[in-house]
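Undergrad: Enclosed is the structure file work36.txt (compact mmCIF, C-alpha atoms).
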```txt
# COMPACT_ATOMS: atom_id res chain seq x y z
CA MET F 1 -11.86 -44.66 45.29
CA LEU F 2 -9.21 -42.06 45.95
CA ARG F 3 -10.36 -38.48 45.84
CA ILE F 4 -7.85 -35.67 45.46
CA LYS F 5 -8.80 -32.20 46.51
CA ILE F 6 -7.03 -29.38 44.65
CA SER F 7 -7.25 -25.94 46.10
CA ARG F 8 -7.67 -22.79 44.03
CA SER F 9 -4.40 -21.40 45.37
CA LEU F 10 -2.52 -24.45 44.03
CA ILE F 11 -4.06 -23.96 40.57
CA PHE F 12 -3.18 -20.26 40.73
CA LYS F 13 0.45 -21.07 41.62
CA ILE F 14 0.73 -23.58 38.76
CA CYS F 15 -0.65 -21.04 36.27
CA LEU F 16 1.68 -18.34 37.62
CA ILE F 17 4.75 -20.57 37.27
CA ALA F 18 3.73 -21.63 33.74
CA GLY F 19 3.29 -17.98 32.76
CA LEU F 20 6.71 -17.06 34.12
CA VAL F 21 8.36 -19.92 32.27
CA LEU F 22 6.73 -18.90 28.99
CA SER F 23 7.65 -15.24 29.41
CA ALA F 24 11.25 -16.19 30.23
CA GLN F 25 11.39 -18.31 27.10
CA PHE F 26 10.46 -15.33 24.91
CA SER F 27 13.01 -13.07 26.59
CA PHE F 28 15.80 -15.41 25.45
CA ALA F 29 14.51 -15.73 21.89
CA VAL F 30 17.03 -15.31 19.07
CA ASP F 31 16.72 -12.85 16.19
CA PRO F 32 14.15 -13.76 13.59
CA ILE F 33 15.31 -15.58 10.46
CA PRO F 34 16.90 -13.04 8.08
CA ASP F 35 15.01 -12.14 4.93
CA PRO F 36 16.55 -13.51 1.74
CA ILE F 37 17.65 -11.01 -0.89
CA PRO F 38 17.29 -12.56 -4.36
CA LEU F 39 20.16 -11.63 -6.71
CA ASP F 40 19.76 -10.89 -10.43
CA ASN F 41 22.14 -12.73 -12.75
CA GLY F 42 23.40 -9.56 -14.43
CA GLN F 43 22.25 -10.45 -17.94
CA LYS F 44 20.11 -7.32 -18.29
CA GLU F 45 19.92 -3.81 -16.91
CA PRO F 46 18.98 -3.57 -13.21
CA PRO F 47 15.24 -3.20 -12.62
CA THR F 48 14.03 0.18 -11.46
CA GLN F 49 13.03 -0.97 -7.96
CA THR F 50 12.01 -4.28 -6.47
CA ASN F 51 12.36 -5.70 -3.00
CA GLY F 52 15.03 -8.40 -3.01
CA LEU F 53 17.67 -9.86 -5.33
CA THR F 54 17.15 -12.37 -8.13
CA LYS F 55 18.53 -15.89 -7.81
CA GLU F 56 21.86 -17.14 -9.11
CA PRO F 57 23.12 -20.45 -7.78
CA SER F 58 26.58 -19.16 -6.82
CA VAL F 59 25.69 -16.15 -4.62
CA SER F 60 22.88 -15.41 -2.15
CA ALA F 61 22.26 -12.78 0.50
CA THR F 62 20.09 -12.23 3.56
CA ILE F 63 19.27 -9.13 5.59
CA SER F 64 18.40 -8.94 9.29
CA GLU F 65 18.08 -5.99 11.64
CA THR F 66 21.84 -5.95 12.28
CA GLU F 67 23.59 -7.77 9.44
CA LEU F 68 23.70 -8.13 5.69
CA ASP F 69 25.11 -11.60 4.98
CA VAL F 70 26.44 -12.67 1.59
CA TYR F 71 26.97 -16.38 0.90
CA PHE F 72 28.98 -18.02 -1.87
CA GLU F 73 27.84 -21.55 -2.75
CA TYR F 74 31.26 -22.37 -4.21
CA GLY F 75 34.53 -20.58 -4.85
CA ILE F 76 34.31 -18.05 -7.67
CA GLY F 77 37.60 -16.24 -7.01
CA ASP F 78 37.63 -12.62 -5.90
CA ALA F 79 34.17 -11.06 -5.59
CA THR F 80 33.55 -7.38 -4.96
CA ILE F 81 30.53 -6.53 -2.82
CA THR F 82 29.26 -2.97 -3.16
CA VAL F 83 26.25 -1.45 -1.40
CA TYR F 84 24.64 1.77 -2.66
CA ASP F 85 22.13 3.97 -0.85
CA ALA F 86 18.99 5.41 -2.50
CA PHE F 87 21.07 8.33 -3.87
CA ASN F 88 23.52 5.93 -5.60
CA ASN F 89 26.29 6.71 -3.10
CA VAL F 90 28.61 3.82 -2.20
CA VAL F 91 28.07 3.10 1.51
CA TYR F 92 30.09 -0.12 1.66
CA GLN F 93 32.59 -1.97 -0.52
CA GLU F 94 34.65 -5.09 0.13
CA THR F 95 36.52 -7.62 -2.00
CA VAL F 96 36.20 -11.21 -0.76
CA ASP F 97 38.37 -14.19 -1.77
CA THR F 98 35.61 -16.77 -2.14
CA ASP F 99 38.14 -19.58 -2.50
CA ALA F 100 39.15 -18.89 1.14
CA THR F 101 35.74 -18.01 2.65
CA SER F 102 32.17 -18.92 1.76
CA ALA F 103 30.38 -16.04 3.55
CA THR F 104 30.82 -12.51 4.79
CA SER F 105 28.79 -10.40 7.22
CA ILE F 106 28.31 -6.65 6.94
CA GLN F 107 27.13 -4.76 10.02
CA VAL F 108 24.15 -2.55 9.09
CA SER F 109 22.81 -1.69 12.55
CA ASN F 110 24.13 1.89 12.31
CA TRP F 111 22.97 2.49 8.71
CA SER F 112 20.12 4.91 8.08
CA ALA F 113 16.65 3.65 7.29
CA GLY F 114 15.98 3.53 3.58
CA ASP F 115 16.40 1.60 0.35
CA TYR F 116 19.70 0.09 -0.73
CA MET F 117 21.12 -1.82 -3.69
CA ILE F 118 23.78 -4.51 -3.36
CA THR F 119 25.98 -5.66 -6.23
CA VAL F 120 28.28 -8.67 -6.24
CA THR F 121 30.79 -8.63 -9.11
CA TYR F 122 33.05 -11.54 -10.00
CA GLY F 123 34.72 -12.16 -13.35
CA SER F 124 32.43 -10.71 -16.00
CA THR F 125 29.28 -11.32 -13.93
CA THR F 126 27.48 -8.77 -11.77
CA GLN F 127 24.55 -9.74 -9.61
CA TRP F 128 22.44 -7.13 -7.85
CA GLY F 129 19.41 -6.74 -5.69
CA TYR F 130 17.47 -4.33 -3.54
CA PHE F 131 16.69 -4.34 0.17
CA SER F 132 15.34 -1.91 2.73
CA ILE F 133 16.33 -1.02 6.26
CA GLU F 134 13.52 0.18 8.47
```
Please re-express this file's structure in structure tokens.
TA:
Amino acid sequence: MLRIKISRSLIFKICLIAGLVLSAQFSFAVDPIPDPIPLDNGQKEPPTQTNGLTKEPSVSATISETELDVYFEYGIGDATITVYDAFNNVVYQETVDTDATSATSIQVSNWSAGDYMITVTYGSTTQWGYFSIE
């Protein structure tokens, strides 16, 4: 019978190395998954205030700490993206050719904390939704 003697200092070193590896892993972690913003289909007046956008199969959006991303499932021609602050001021506007690109990113890292509304208008359709920056 073979008997192995393990010292306490060896166990301590193994635990120390494991702890360092785990802490290093978390320091290289990527940003959390962005929150989806459901878009409303534009068939009625915008709701007073909700958190998110209602769903329409052609357009979706997500918000992270640094970016507002708008995705187009398929080409719908030119789409105008407009973002309003809580005082209904336009803080961002861009027209995107969705036949040439399927997504666009808007940098929001320097925007003030607060509530915002995004609208995406294409043809006779307008989709909108609400999101917050903390």
Undergrad: Which one of F:Ser102, F:Glu134, F:Trp111, F:Asp85 sits closest to Ser58 in chain F if you count all atoms listed in the file?
TA: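 Selected residue with least distance to Ser58 in chain F: F:Ser102.
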Undergrad: May I ask for the distance between CA of Tyr71 in chain F and CA of Asp99 in chain F, given in Å to one decimal place?
TA: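 Rounded to one decimal, the two atoms are 12.1 Å apart.
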Undergrad: Between F:Ile133, F:Ala100, F:Ile118, F:Val90, which is the closest to Val70 in chain F once you count all atoms listed in the file?
TA: F:Ile118
Undergrad: Counting all atoms listed in the file, which of F:Thr125, F:Gln93, F:Gly75, F:Phe87 gets nearest to Ile106 in chain F?
TA: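 Closest to Ile106 in chain F of all the choices is F:Gln93.
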Undergrad: With distances taken over only C-alpha atoms, which of F:Ala86, F:Val96, F:Val91, F:Val59 is nearest to Phe131 in chain F?
TA: F:Ala86
Undergrad: Between F:Thr98, F:Gln107, F:Ser112, F:Thr121, which has the minimum distance to Thr82 in chain F (counting all atoms listed in the file)?
TA: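 So, comparing all the options, the nearest one is F:Thr121.
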Undergrad: Pick from F:Val120, F:Val108, F:Ala113, F:Ala103: nearest to Glu73 in chain F, with all atoms listed in the file counted?
TA: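 When distances to Glu73 in chain F are compared using all atoms listed in the file, the smallest one comes from F:Ala103.
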Undergrad: Separation of CA of Gln127 in chain F and CA of Ser109 in chain F, in Å?
TA: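 Interatomic distance here is 23.6 Å.
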Undergrad: Any idea what the distance is between CA of Ile76 in chain F and CA of Ser132 in chain F?
TA: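 Value for the CA of Ile76 in chain F-CA of Ser132 in chain F distance: 27.0 Å.
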Undergrad: For range 61-99 of chain F of the structure just presented, write C-alpha atoms to a file, as a PDB file, in the first residue's frame.
TA:
```
ATOM      1  CA  ALA F  61     -32.858  46.710 -30.418  1.00  0.00           C
ATOM      2  CA  THR F  62     -30.647  46.089 -27.398  1.00  0.00           C
ATOM      3  CA  ILE F  63     -29.065  48.421 -24.860  1.00  0.00           C
ATOM      4  CA  SER F  64     -25.833  47.905 -22.924  1.00  0.00           C
ATOM      5  CA  GLU F  65     -23.783  50.265 -20.782  1.00  0.00           C
ATOM      6  CA  THR F  66     -22.008  51.685 -23.842  1.00  0.00           C
ATOM      7  CA  GLU F  67     -24.105  50.955 -26.930  1.00  0.00           C
ATOM      8  CA  LEU F  68     -27.617  51.033 -28.287  1.00  0.00           C
ATOM      9  CA  ASP F  69     -27.747  48.453 -31.088  1.00  0.00           C
ATOM     10  CA  VAL F  70     -30.524  48.309 -33.680  1.00  0.00           C
ATOM     11  CA  TYR F  71     -30.902  45.172 -35.811  1.00  0.00           C
ATOM     12  CA  PHE F  72     -32.859  44.711 -39.029  1.00  0.00           C
ATOM     13  CA  GLU F  73     -33.936  41.117 -39.693  1.00  0.00           C
ATOM     14  CA  TYR F  74     -34.234  41.813 -43.424  1.00  0.00           C
ATOM     15  CA  GLY F  75     -33.876  44.779 -45.749  1.00  0.00           C
ATOM     16  CA  ILE F  76     -36.703  47.292 -45.404  1.00  0.00           C
ATOM     17  CA  GLY F  77     -35.107  50.150 -47.352  1.00  0.00           C
ATOM     18  CA  ASP F  78     -34.149  53.379 -45.621  1.00  0.00           C
ATOM     19  CA  ALA F  79     -34.977  53.451 -41.899  1.00  0.00           C
ATOM     20  CA  THR F  80     -34.682  56.536 -39.718  1.00  0.00           C
ATOM     21  CA  ILE F  81     -33.626  55.941 -36.122  1.00  0.00           C
ATOM     22  CA  THR F  82     -34.446  58.762 -33.720  1.00  0.00           C
ATOM     23  CA  VAL F  83     -33.762  58.833 -29.971  1.00  0.00           C
ATOM     24  CA  TYR F  84     -35.554  61.294 -27.678  1.00  0.00           C
ATOM     25  CA  ASP F  85     -34.692  62.169 -24.092  1.00  0.00           C
ATOM     26  CA  ALA F  86     -37.272  62.449 -21.287  1.00  0.00           C
ATOM     27  CA  PHE F  87     -38.019  66.059 -22.350  1.00  0.00           C
ATOM     28  CA  ASN F  88     -38.828  64.966 -25.937  1.00  0.00           C
ATOM     29  CA  ASN F  89     -35.607  66.500 -27.292  1.00  0.00           C
ATOM     30  CA  VAL F  90     -33.941  64.657 -30.181  1.00  0.00           C
ATOM     31  CA  VAL F  91     -30.566  63.424 -28.896  1.00  0.00           C
ATOM     32  CA  TYR F  92     -29.701  61.232 -31.881  1.00  0.00           C
ATOM     33  CA  GLN F  93     -30.931  60.703 -35.434  1.00  0.00           C
ATOM     34  CA  GLU F  94     -29.583  58.564 -38.262  1.00  0.00           C
ATOM     35  CA  THR F  95     -30.941  57.168 -41.519  1.00  0.00           C
ATOM     36  CA  VAL F  96     -29.759  53.634 -42.289  1.00  0.00           C
ATOM     37  CA  ASP F  97     -29.948  51.823 -45.642  1.00  0.00           C
ATOM     38  CA  THR F  98     -31.081  48.428 -44.374  1.00  0.00           C
ATOM     39  CA  ASP F  99     -30.548  46.852 -47.798  1.00  0.00           C
TER      40      ASP F  99
END
```
